[in-house]
$ cat structure_19.cif   # mmCIF, C-alpha atoms and all ligand atoms
data_coords
#
loop_
_atom_site.label_atom_id
_atom_site.label_comp_id
_atom_site.auth_asym_id
_atom_site.auth_seq_id
_atom_site.Cartn_x
_atom_site.Cartn_y
_atom_site.Cartn_z
CA MET A 1 0.00 0.00 0.00
CA ARG A 2 2.71 2.44 0.96
CA GLU A 3 4.55 1.85 -2.31
CA ILE A 4 1.44 2.74 -4.24
CA LEU A 5 1.13 5.96 -2.30
CA TYR A 6 4.83 6.72 -2.90
CA ARG A 7 4.32 6.22 -6.59
CA LEU A 8 1.29 8.50 -6.61
CA LYS A 9 2.88 11.14 -4.43
CA ASP A 10 5.33 12.21 -7.10
CA ARG A 11 2.67 13.34 -9.49
CA TYR A 12 -0.39 14.22 -7.40
CA HIS A 13 -1.15 16.24 -4.32
CA LEU A 14 -1.95 13.74 -1.61
CA GLY A 15 -2.92 14.59 1.93
CA THR A 16 -1.55 12.74 4.95
CA PRO A 17 -2.65 9.11 4.62
CA THR A 18 -4.60 7.59 7.49
CA PHE A 19 -3.89 3.90 7.89
CA GLN A 20 -6.80 2.10 9.52
CA ARG A 21 -5.17 -1.25 8.90
CA THR A 22 -2.21 -2.25 6.78
CA ASP A 23 -4.61 -3.00 3.96
CA LEU A 24 -7.01 -0.09 4.45
CA CYS A 25 -5.98 3.50 4.01
CA PHE A 26 -7.67 6.85 3.48
CA VAL A 27 -6.12 9.80 1.76
CA THR A 28 -7.42 13.21 0.76
CA VAL A 29 -6.86 14.29 -2.81
CA ARG A 30 -7.66 17.36 -4.88
CA ARG A 31 -10.85 17.49 -6.84
CA ASP A 32 -9.22 18.21 -10.18
CA GLU A 33 -6.95 15.20 -9.78
CA ILE A 34 -9.42 12.59 -8.58
CA ARG A 35 -10.23 11.39 -12.07
CA ALA A 36 -6.63 10.91 -13.04
CA ILE A 37 -5.85 9.12 -9.79
CA LEU A 38 -8.85 6.83 -10.08
CA THR A 39 -8.00 5.99 -13.68
CA GLU A 40 -4.42 5.26 -12.77
CA LEU A 41 -5.41 3.13 -9.79
CA ARG A 42 -7.83 1.18 -11.88
CA ASP A 43 -5.63 0.62 -14.90
CA MET A 44 -2.12 0.46 -13.47
CA GLU A 45 -2.44 -0.56 -9.84
CA GLY A 46 -5.17 -3.18 -10.08
CA PHE A 47 -7.85 -1.37 -8.09
CA THR A 48 -10.56 -2.71 -10.31
CA HIS A 49 -13.52 -2.53 -7.97
CA LEU A 50 -15.37 0.54 -6.76
CA THR A 51 -16.65 -0.61 -3.39
CA PHE A 52 -18.72 2.48 -2.69
CA LEU A 53 -19.02 6.16 -3.20
CA THR A 54 -20.49 8.04 -0.32
CA ALA A 55 -20.62 11.49 1.24
CA VAL A 56 -20.17 13.11 4.63
CA ASP A 57 -21.72 16.44 5.51
CA TRP A 58 -19.20 18.63 7.34
CA ILE A 59 -21.66 21.38 8.00
CA GLU A 60 -19.39 23.31 10.37
CA GLU A 61 -16.71 23.55 7.72
CA GLN A 62 -19.29 24.16 4.98
CA LEU A 63 -17.93 21.17 3.11
CA PHE A 64 -19.13 17.90 1.67
CA GLN A 65 -16.67 15.06 1.66
CA LEU A 66 -16.96 12.45 -1.04
CA THR A 67 -15.32 9.13 -0.27
CA TYR A 68 -14.39 6.89 -3.17
CA MET A 69 -13.49 3.46 -1.88
CA VAL A 70 -11.61 1.35 -4.39
CA ASN A 71 -10.46 -2.18 -3.88
CA ASN A 72 -7.69 -4.29 -5.30
CA ARG A 73 -8.99 -7.81 -5.07
CA GLU A 74 -5.81 -9.57 -5.98
CA ALA A 75 -3.68 -7.88 -3.35
CA ASN A 76 -6.64 -7.42 -0.98
CA LEU A 77 -6.08 -3.69 -0.56
CA SER A 78 -8.67 -1.00 0.00
CA LEU A 79 -7.95 2.61 -0.61
CA GLY A 80 -10.35 5.40 0.26
CA LEU A 81 -9.96 8.66 -1.59
CA ARG A 82 -11.54 11.73 -0.06
CA VAL A 83 -12.51 14.77 -2.04
CA LEU A 84 -13.83 17.92 -0.41
CA LEU A 85 -16.51 19.96 -2.14
CA ASP A 86 -18.01 23.30 -1.31
CA ARG A 87 -21.28 22.75 0.45
CA GLU A 88 -22.86 25.68 -1.31
CA ASP A 89 -24.17 24.44 -4.66
CA ALA A 90 -22.13 21.25 -4.33
CA THR A 91 -21.18 19.69 -7.63
CA GLY A 92 -19.11 16.57 -8.08
CA ASP A 93 -17.53 15.05 -11.15
CA THR A 94 -19.19 12.02 -12.53
CA ILE A 95 -17.11 8.88 -12.86
CA HIS A 96 -19.77 6.67 -14.39
CA ASP A 97 -17.53 6.09 -17.39
CA LEU A 98 -14.86 4.57 -15.16
CA TRP A 99 -17.26 2.37 -13.21
CA PRO A 100 -20.86 2.17 -14.45
CA THR A 101 -21.97 1.36 -10.90
CA ALA A 102 -20.98 4.86 -9.87
CA ALA A 103 -24.04 6.19 -11.65
CA THR A 104 -26.27 4.60 -9.01
CA TYR A 105 -24.24 6.02 -6.14
CA GLN A 106 -24.30 9.42 -7.75
CA ARG A 107 -28.03 9.25 -8.16
CA GLU A 108 -28.37 8.46 -4.49
CA LEU A 109 -26.05 11.28 -3.47
CA ARG A 110 -28.03 13.66 -5.64
CA GLU A 111 -31.21 12.69 -3.87
CA MET A 112 -30.05 12.30 -0.29
CA PHE A 113 -27.44 15.07 -0.13
CA GLY A 114 -28.31 17.23 -3.12
CA ILE A 115 -24.84 16.92 -4.63
CA LYS A 116 -25.05 17.42 -8.35
CA PHE A 117 -23.26 15.18 -10.81
CA PRO A 118 -23.77 16.70 -14.25
CA GLY A 119 -23.61 14.16 -17.04
CA SER A 120 -24.28 11.08 -14.95
CA PRO A 121 -27.05 8.97 -16.48
CA ARG A 122 -30.55 9.41 -14.98
CA VAL A 123 -29.06 11.34 -12.11
CA ASP A 124 -32.01 13.67 -11.70
CA GLU A 125 -34.63 10.94 -11.51
CA GLU A 126 -36.09 9.86 -8.21
CA PHE A 127 -34.10 7.08 -6.66
CA ILE A 128 -35.57 6.01 -3.31
CA LEU A 129 -37.81 8.85 -2.23
CA GLU A 130 -40.99 9.55 -4.07
CA GLY A 131 -42.46 12.99 -4.24
CA TRP A 132 -39.92 14.46 -1.87
CA THR A 133 -40.31 18.22 -1.70
CA ASP A 134 -38.02 19.15 1.12
CA LEU A 135 -34.31 19.51 1.76
CA PRO A 136 -32.37 16.37 0.89
CA PRO A 137 -32.87 14.33 4.05
CA TYR A 138 -29.28 13.28 4.73
CA ARG A 139 -28.08 16.85 4.99
CA ARG A 140 -27.40 17.75 8.55
CA ASP A 141 -29.41 20.96 8.41
CA PHE A 142 -32.53 18.89 7.71
CA ASP A 143 -34.30 18.33 11.03
CA THR A 144 -35.83 14.90 10.72
CA LEU A 145 -37.48 14.92 14.15
CA ALA A 146 -39.27 18.21 13.51
CA TYR A 147 -40.25 17.07 10.05
CA SER A 148 -41.72 13.82 11.29
CA GLN A 149 -43.56 15.55 14.11
CA GLN A 150 -45.15 17.96 11.71
CA THR A 151 -45.94 15.48 9.00
CA TYR A 152 -47.05 12.32 10.79
CA ASN A 153 -49.52 12.16 13.64
CA ASP A 154 -48.32 11.00 17.02
CA ARG A 155 -50.20 8.57 19.16
CA PRO A 156 -50.36 10.04 22.64
CA GLY A 157 -48.97 8.06 25.52
CA ARG A 158 -45.49 7.47 24.27
CA VAL A 159 -42.93 7.93 27.06
CA THR A 160 -39.19 7.77 27.06
CA HIS A 161 -37.14 6.82 30.07
CA ASP A 162 -33.51 7.57 30.52
CA PRO A 163 -32.28 4.02 31.16
CA LYS A 164 -29.89 5.05 33.90
CA THR A 165 -32.29 7.00 36.08
CA HIS A 166 -35.13 4.63 35.33
CA MET A 167 -33.23 1.54 36.44
CA GLN A 168 -31.83 3.36 39.43
CA LYS A 169 -35.31 4.28 40.55
CA THR A 170 -36.59 0.76 40.00
CA LEU A 171 -33.75 -1.12 41.64
CA TYR A 172 -32.58 1.32 44.33
CA PRO A 173 -35.55 3.52 45.12
CA SER A 174 -33.85 5.14 48.06
CA TYR A 175 -30.42 5.48 46.56
CA PRO A 176 -29.64 9.16 46.68
CA LYS A 177 -30.44 9.44 50.38
CA GLY A 178 -33.62 11.30 51.06
CA ALA A 179 -35.09 10.59 47.63
CA LYS A 180 -38.30 8.64 47.60
CA MET B 1 -53.38 16.18 9.73
CA LYS B 2 -50.81 18.89 10.05
CA ASP B 3 -48.81 19.77 7.05
CA VAL B 4 -45.24 20.95 7.27
CA ASP B 5 -44.86 24.60 8.22
CA ASP B 6 -42.89 27.30 6.41
CA LYS B 7 -39.64 25.99 7.81
CA PHE B 8 -40.03 23.15 5.41
CA ARG B 9 -40.39 23.51 1.71
CA LYS B 10 -43.60 22.82 -0.07
CA THR B 11 -44.46 22.57 -3.70
CA ASP B 12 -47.80 23.45 -5.16
CA THR B 13 -47.09 21.97 -8.54
CA GLU B 14 -49.59 19.36 -9.54
CA VAL B 15 -48.13 15.90 -9.77
CA PRO B 16 -48.92 14.52 -13.19
CA LEU B 17 -50.69 11.21 -13.38
CA ARG B 18 -48.42 8.30 -14.03
CA GLU B 19 -47.98 7.65 -17.67
CA GLU B 20 -50.07 4.53 -18.01
CA LEU B 21 -53.04 6.36 -16.45
CA ARG B 22 -53.13 9.30 -18.84
CA PRO B 23 -55.75 9.44 -21.57
CA ARG B 24 -54.30 8.38 -24.89
CA LYS B 25 -55.06 7.01 -28.32
CA VAL B 26 -54.32 3.41 -29.05
CA THR B 27 -54.57 1.37 -32.17
CA THR B 28 -56.38 -1.92 -31.78
CA PRO B 29 -55.10 -5.06 -33.50
CA ASP B 30 -57.72 -4.47 -36.22
CA GLY B 31 -56.23 -1.09 -37.00
CA GLN B 32 -58.99 0.90 -35.32
CA GLU B 33 -58.02 4.06 -33.45
CA ILE B 34 -59.70 4.38 -30.08
CA ASP B 35 -59.43 6.84 -27.24
CA ILE B 36 -58.95 5.39 -23.83
CA ASP B 37 -59.13 7.13 -20.50
CA PRO B 38 -57.65 4.59 -18.09
CA LEU B 39 -59.11 6.29 -15.04
CA ARG B 40 -62.62 5.76 -16.37
CA ASP B 41 -62.12 2.59 -18.35
CA TYR B 42 -59.95 0.53 -16.04
CA PHE B 43 -60.93 1.78 -12.61
CA CYS B 44 -64.19 2.12 -10.80
CA GLU B 45 -64.78 5.72 -9.83
CA ALA B 46 -67.42 4.94 -7.24
CA LYS B 47 -66.49 5.22 -3.60
CA PRO B 48 -66.61 2.10 -1.51
CA LYS B 49 -69.98 1.42 0.06
CA VAL B 50 -70.89 0.31 3.53
CA HIS B 51 -71.84 -3.31 3.55
CA PRO B 52 -75.18 -3.56 5.36
CA LYS B 53 -75.79 -6.13 8.04
CA ALA B 54 -77.94 -9.15 7.29
CA TYR B 55 -81.68 -8.86 7.99
CA SER B 56 -81.65 -10.92 11.16
CA LYS B 57 -79.13 -11.34 13.91
CA ILE B 58 -78.84 -15.07 13.63
CA VAL B 59 -78.02 -14.84 9.93
CA GLU B 60 -75.47 -12.12 10.57
CA ASP B 61 -73.92 -14.26 13.28
CA PHE B 62 -73.69 -17.13 10.88
CA TYR B 63 -72.04 -14.87 8.31
CA ASN B 64 -69.58 -13.65 10.87
CA TRP B 65 -68.74 -17.17 11.90
CA ALA B 66 -68.10 -18.01 8.27
CA ARG B 67 -66.00 -14.88 7.76
CA ALA B 68 -63.92 -15.64 10.82
CA ASN B 69 -63.08 -19.04 9.43
CA SER B 70 -62.05 -17.84 6.04
CA LEU B 71 -58.98 -15.68 6.50
CA TRP B 72 -56.71 -15.36 3.52
CA ILE B 73 -53.63 -13.29 4.06
CA LEU B 74 -52.03 -11.19 1.40
CA GLY B 75 -48.36 -12.12 1.32
CA PHE B 76 -47.16 -8.54 1.37
CA GLY B 77 -44.38 -7.88 3.83
CA THR B 78 -43.53 -4.29 4.63
CA GLY B 79 -41.12 -4.20 7.54
CA CYS B 80 -38.96 -6.45 9.64
CA GLY B 81 -42.07 -8.34 10.78
CA ALA B 82 -42.45 -9.98 7.40
CA ILE B 83 -39.67 -12.31 8.50
CA GLU B 84 -41.93 -13.68 11.22
CA MET B 85 -44.66 -14.58 8.77
CA ARG B 86 -42.41 -17.05 6.96
CA PRO B 87 -41.98 -19.52 9.82
CA LEU B 88 -45.73 -19.33 10.30
CA MET B 89 -46.20 -20.94 6.93
CA THR B 90 -43.88 -23.79 7.75
CA PRO B 91 -44.48 -26.90 9.90
CA ARG B 92 -42.79 -25.36 12.92
CA PHE B 93 -45.63 -22.95 13.66
CA ASP B 94 -48.06 -24.09 11.01
CA ALA B 95 -50.72 -21.43 10.74
CA TYR B 96 -52.50 -23.50 8.13
CA ARG B 97 -53.96 -25.73 10.82
CA TYR B 98 -56.06 -22.74 11.88
CA GLY B 99 -57.29 -22.30 8.34
CA ILE B 100 -55.13 -19.26 7.70
CA GLN B 101 -53.40 -19.16 4.38
CA TRP B 102 -51.30 -16.76 2.36
CA ARG B 103 -52.26 -15.72 -1.12
CA PRO B 104 -50.08 -14.00 -3.71
CA THR B 105 -52.47 -11.32 -4.98
CA PRO B 106 -54.84 -8.85 -3.34
CA ARG B 107 -57.81 -10.14 -5.31
CA GLN B 108 -57.49 -13.49 -3.58
CA ALA B 109 -56.93 -12.23 -0.07
CA ASN B 110 -59.03 -10.61 2.61
CA LEU B 111 -56.57 -9.96 5.39
CA LEU B 112 -53.82 -7.41 4.92
CA VAL B 113 -51.07 -7.84 7.46
CA ILE B 114 -48.98 -4.70 7.68
CA SER B 115 -45.92 -6.34 9.09
CA GLY B 116 -43.99 -3.39 10.45
CA TYR B 117 -42.90 0.08 9.56
CA LEU B 118 -44.44 1.63 6.48
CA SER B 119 -42.49 4.15 4.54
CA VAL B 120 -44.56 6.64 2.63
CA LYS B 121 -43.57 4.92 -0.57
CA THR B 122 -44.79 1.54 0.70
CA LEU B 123 -47.93 3.11 2.13
CA LYS B 124 -48.92 4.03 -1.37
CA ARG B 125 -48.65 0.39 -2.43
CA ALA B 126 -50.37 -0.83 0.71
CA ILE B 127 -53.34 1.44 0.01
CA ARG B 128 -53.58 0.14 -3.52
CA ALA B 129 -53.39 -3.43 -2.31
CA TYR B 130 -55.99 -2.82 0.40
CA GLU B 131 -58.46 -1.22 -1.95
CA GLN B 132 -58.14 -4.06 -4.41
CA MET B 133 -59.02 -6.70 -1.87
CA PRO B 134 -62.59 -7.96 -1.98
CA GLN B 135 -64.93 -7.41 0.93
CA PRO B 136 -65.13 -8.45 3.73
CA LYS B 137 -61.56 -7.41 4.43
CA TYR B 138 -59.50 -6.84 7.52
CA VAL B 139 -56.22 -5.16 8.39
CA MET B 140 -53.83 -6.29 11.05
CA GLY B 141 -50.91 -4.16 12.22
CA LEU B 142 -47.80 -5.86 13.54
CA GLY B 143 -45.27 -4.34 15.85
CA SER B 144 -44.82 -1.04 17.58
CA CYS B 145 -44.03 0.64 14.30
CA THR B 146 -47.62 0.43 13.14
CA ILE B 147 -48.93 1.45 16.56
CA ASN B 148 -46.92 4.55 17.38
CA GLY B 149 -43.92 4.62 15.13
CA GLY B 150 -41.76 2.29 17.20
CA MET B 151 -38.12 3.01 16.80
CA TYR B 152 -38.83 4.96 13.62
CA TRP B 153 -40.63 7.62 15.63
CA ASP B 154 -38.36 10.38 14.35
CA SER B 155 -37.89 9.14 10.82
CA TYR B 156 -38.56 11.52 7.97
CA ASN B 157 -40.09 8.84 5.84
CA THR B 158 -42.18 6.42 7.87
CA ILE B 159 -45.69 6.94 9.12
CA LYS B 160 -46.36 6.67 12.83
CA ARG B 161 -49.99 5.65 13.17
CA LEU B 162 -51.30 3.13 10.75
CA ASP B 163 -54.93 3.76 11.70
CA ASP B 164 -54.75 7.25 10.24
CA TYR B 165 -54.46 5.75 6.81
CA LEU B 166 -56.06 2.33 6.89
CA PRO B 167 -58.73 0.95 9.23
CA VAL B 168 -56.98 -1.47 11.56
CA ASP B 169 -58.96 -4.31 13.10
CA MET B 170 -56.24 -5.82 15.23
CA TYR B 171 -52.84 -4.78 16.48
CA VAL B 172 -50.17 -7.20 17.61
CA ALA B 173 -47.63 -5.51 19.85
CA GLY B 174 -43.97 -6.33 19.97
CA CYS B 175 -40.81 -5.44 18.20
CA MET B 176 -41.00 -7.75 16.44
CA PRO B 177 -43.94 -9.97 17.50
CA ARG B 178 -42.99 -13.62 17.67
CA PRO B 179 -44.91 -16.11 15.53
CA GLU B 180 -46.75 -17.23 18.67
CA ALA B 181 -47.94 -13.66 19.19
CA LEU B 182 -49.09 -13.55 15.62
CA LEU B 183 -51.02 -16.77 16.04
CA HIS B 184 -52.63 -15.29 19.11
CA GLY B 185 -53.41 -12.20 17.09
CA PHE B 186 -55.12 -14.31 14.46
CA MET B 187 -57.20 -16.05 17.12
CA GLU B 188 -58.17 -12.69 18.59
CA LEU B 189 -59.06 -11.39 15.16
CA LYS B 190 -61.28 -14.40 14.62
CA ARG B 191 -62.99 -13.69 17.93
CA VAL B 192 -63.49 -10.06 17.00
CA ILE B 193 -64.96 -10.99 13.64
CA ARG B 194 -67.26 -13.58 15.23
CA GLU B 195 -68.51 -10.92 17.60
CA GLY B 196 -69.31 -8.76 14.60
CA LYS B 197 -66.75 -6.09 15.47
CA GLY B 198 -64.46 -6.57 12.50
CA GLU B 199 -65.95 -3.57 10.78
CA GLY B 200 -62.77 -2.01 9.38
CA ALA B 201 -63.89 -2.03 5.78
CA ASN B 202 -67.17 -0.35 6.69
CA LYS B 203 -65.31 2.22 8.73
CA TYR B 204 -63.15 2.89 5.71
CA ALA B 205 -66.20 3.38 3.53
CA GLU B 206 -67.91 5.64 6.07
CA ASN B 207 -64.90 7.87 6.66
CA PHE B 208 -63.58 7.57 3.16
CA ASP B 209 -62.95 11.29 2.68
CA GLN B 210 -61.13 11.55 5.98
CA TYR B 211 -58.89 8.61 5.15
CA LYS B 212 -58.17 9.98 1.70
CA ALA B 213 -57.29 13.38 3.14
CA ASN B 214 -54.88 11.77 5.58
CA GLN B 215 -53.33 9.65 2.88
CA LYS B 216 -52.88 12.55 0.52
CA ALA B 217 -51.33 14.69 3.23
CA VAL B 218 -48.31 12.40 3.39
CA ILE B 219 -48.22 10.95 -0.10
CA LYS B 220 -47.15 14.09 -1.85
CA ASP B 221 -47.01 12.61 -5.32
CA TRP B 222 -50.48 11.20 -5.55
CA ASP B 223 -50.44 10.04 -9.15
CA MET B 224 -53.00 7.26 -9.03
CA PRO B 225 -56.80 7.05 -9.04
CA ASP B 226 -58.53 8.03 -5.81
CA TYR B 227 -60.02 4.62 -5.44
CA ASN B 228 -58.01 1.77 -6.87
CA TRP B 229 -60.73 -0.71 -7.41
S1 LIG C 301 -41.89 -2.92 15.27
FE1 LIG C 301 -39.72 -3.46 15.38
S2 LIG C 301 -39.57 -5.39 14.25
FE2 LIG C 301 -41.49 -4.41 13.66
S3 LIG C 301 -41.04 -3.19 11.85
FE3 LIG C 301 -40.82 -1.86 13.60
S4 LIG C 301 -38.65 -1.95 14.13
FE4 LIG C 301 -39.09 -3.71 12.81
#
$ encode --input "structure_19.cif" --output "structure tokens"
Amino acid sequence: MREILYRLKDRYHLGTPTFQRTDLCFVTVRRDEIRAILTELRDMEGFTHLTFLTAVDWIEEQLFQLTYMVNNREANLSLGLRVLLDREDATGDTIHDLWPTAATYQRELREMFGIKFPGSPRVDEEFILEGWTDLPPYRRDFDTLAYSQQTYNDRPGRVTHDPKTHMQKTLYPSYPKGAK
Amino acid sequence: MKDVDDKFRKTDTEVPLREELRPRKVTTPDGQEIDIDPLRDYFCEAKPKVHPKAYSKIVEDFYNWARANSLWILGFGTGCGAIEMRPLMTPRFDAYRYGIQWRPTPRQANLLVISGYLSVKTLKRAIRAYEQMPQPKYVMGLGSCTINGGMYWDSYNTIKRLDDYLPVDMYVAGCMPRPEALLHGFMELKRVIREGKGEGANKYAENFDQYKANQKAVIKDWDMPDYNW
């Protein structure tokens, strides 16, 4: 794994790699280089499988992070490439021509995070949600509790107990001295 | 039914009917051009009607006894609870010995078991399935999800009270209910029907507008006929 990163480091801007295991590593790359890196990994380094493409909402930093996880089956290596996008009007680059499966991931990201992928096939069609009119629900500024309370009726009588205090009261009713 | 407030976005654009339901011209095999309006030609526009009771109590009781002993379940699993219906069909729990069987299509079934959480998308299908079932028909809700939302109580996409949208005759509590609980639920449902209290379908017909309003409040892309019969 390290040799691959050494080879890439000469020509691309790589961030500090995070090794989760010897065979699993994450590294941040620049958006304009992701395509070249992915192509090189796929064609030269044997990373033939796109395991997933997913996003993280860093709302405090006003960023979206895309994670491209590619896998080399022969050497059993997984490499995660992170790309940071501006949260405002987020637009990613489609890679459906490198891996056709990416089109599905991009469609999901478009729907759940609102990240645009111009040129990806059927990216603007509904994927899982039907008739969704609100903010994309995986964004962290979407308040799912408030939405569900306002959209779906509650049945009264639902109570929540904090497990710690509830069990304390049940098992040791007189534990903090003086309490009933 | 509350709708979302201004904090949440709304659209007022009409959702177009799905393509196969729009009026169109078709050419018959004989080369004739005909206009078809699927909503009128393929679906019944009439609202469901209340099924009146039989003229005398003893006859009605006999009907109810017969209804209770003829439960056909629609094999439509919606949530985790669908997993528990499978062992029921096998020799281990063997629901068939109580005369309860699963059927593959709504037209052959009269008991709709909503086996867990319902996302809005599945609710749409469940409504269609329910309306296509012949009378007398019953709905059973499994698990806390159908009762008060269960652990999906704060989910953006699952309904919390099934009885807002479909008339429920029997709830089985649990997360998820074991097959034994389900069997007990079936026995209870039979008792309820024998007592003449399994009136869900009539309730649906009586409060049809209310149910439709509730359904349309959450299904934002209502692109199907109002009554899917
Ligand atoms: S009640 Fe529990 S088991 Fe049933 S659908 Fe909900 S979460 Fe799943």
$ closest_residue --input "structure_19.cif" --among "B:Tyr171, B:Tyr165, B:Phe208, B:Tyr227" --to "ligand LIG 301 (chain C)" --atoms "all atoms listed in the file"
B:Tyr171
$ atom_distance --input "structure_19.cif" --atom1 "atom CA of Asn148 of chain B" --atom2 "atom CA of Tyr152 of chain A"
10.2 Å
$ atom_distance --input "structure_19.cif" --atom1 "atom CA of Arg87 of chain A" --atom2 "atom CA of Phe127 of chain A"
21.5 Å
$ residues_near_ligand --input "structure_19.cif" --ligand "ligand LIG 301 (chain C)" --cutoff "12 Å" --atoms "all atoms listed in the file" --output "JSON, numbers by chain"
{"B": [77, 78, 79, 80, 81, 82, 83, 84, 85, 113, 114, 115, 116, 117, 118, 119, 141, 142, 143, 144, 145, 146, 147, 148, 149, 150, 151, 152, 153, 155, 158, 159, 160, 161, 162, 171, 172, 173, 174, 175, 176, 177, 178]}
$ residues_around --input "structure_19.cif" --residues "Thr18 of chain A" --least-positions-apart "2" --cutoff "12 Å" --atoms "only C-alpha atoms" --output "JSON, numbers by chain"
{"A": [1, 2, 5, 14, 15, 16, 20, 21, 22, 23, 24, 25, 26, 27, 28, 79, 80, 81, 82]}
$ write_last_selection --input "structure_19.cif" --atoms "C-alpha atoms" --output "PDB file, keeping the file's coordinate frame"
ATOM      1  CA  MET A   1       0.000   0.000   0.000  1.00  0.00           C
ATOM      2  CA  ARG A   2       2.710   2.440   0.960  1.00  0.00           C
ATOM      3  CA  LEU A   5       1.130   5.960  -2.300  1.00  0.00           C
ATOM      4  CA  LEU A  14      -1.950  13.740  -1.610  1.00  0.00           C
ATOM      5  CA  GLY A  15      -2.920  14.590   1.930  1.00  0.00           C
ATOM      6  CA  THR A  16      -1.550  12.740   4.950  1.00  0.00           C
ATOM      7  CA  GLN A  20      -6.800   2.100   9.520  1.00  0.00           C
ATOM      8  CA  ARG A  21      -5.170  -1.250   8.900  1.00  0.00           C
ATOM      9  CA  THR A  22      -2.210  -2.250   6.780  1.00  0.00           C
ATOM     10  CA  ASP A  23      -4.610  -3.000   3.960  1.00  0.00           C
ATOM     11  CA  LEU A  24      -7.010  -0.090   4.450  1.00  0.00           C
ATOM     12  CA  CYS A  25      -5.980   3.500   4.010  1.00  0.00           C
ATOM     13  CA  PHE A  26      -7.670   6.850   3.480  1.00  0.00           C
ATOM     14  CA  VAL A  27      -6.120   9.800   1.760  1.00  0.00           C
ATOM     15  CA  THR A  28      -7.420  13.210   0.760  1.00  0.00           C
ATOM     16  CA  LEU A  79      -7.950   2.610  -0.610  1.00  0.00           C
ATOM     17  CA  GLY A  80     -10.350   5.400   0.260  1.00  0.00           C
ATOM     18  CA  LEU A  81      -9.960   8.660  -1.590  1.00  0.00           C
ATOM     19  CA  ARG A  82     -11.540  11.730  -0.060  1.00  0.00           C
TER      20      ARG A  82
END
$ interface_residues --input "structure_19.cif" --of "chain A" --to "chain B" --cutoff "8 Å" --atoms "all atoms listed in the file" --output "list in words"
Leu129, Glu130, Gly131, Trp132, Thr133, Asp134, Leu135, Pro137, Thr144, Leu145, Ala146, Tyr147, Ser148, Gln149, Gln150, Thr151, Tyr152, Asn153, Asp154, Arg155 and Arg158 of chain A
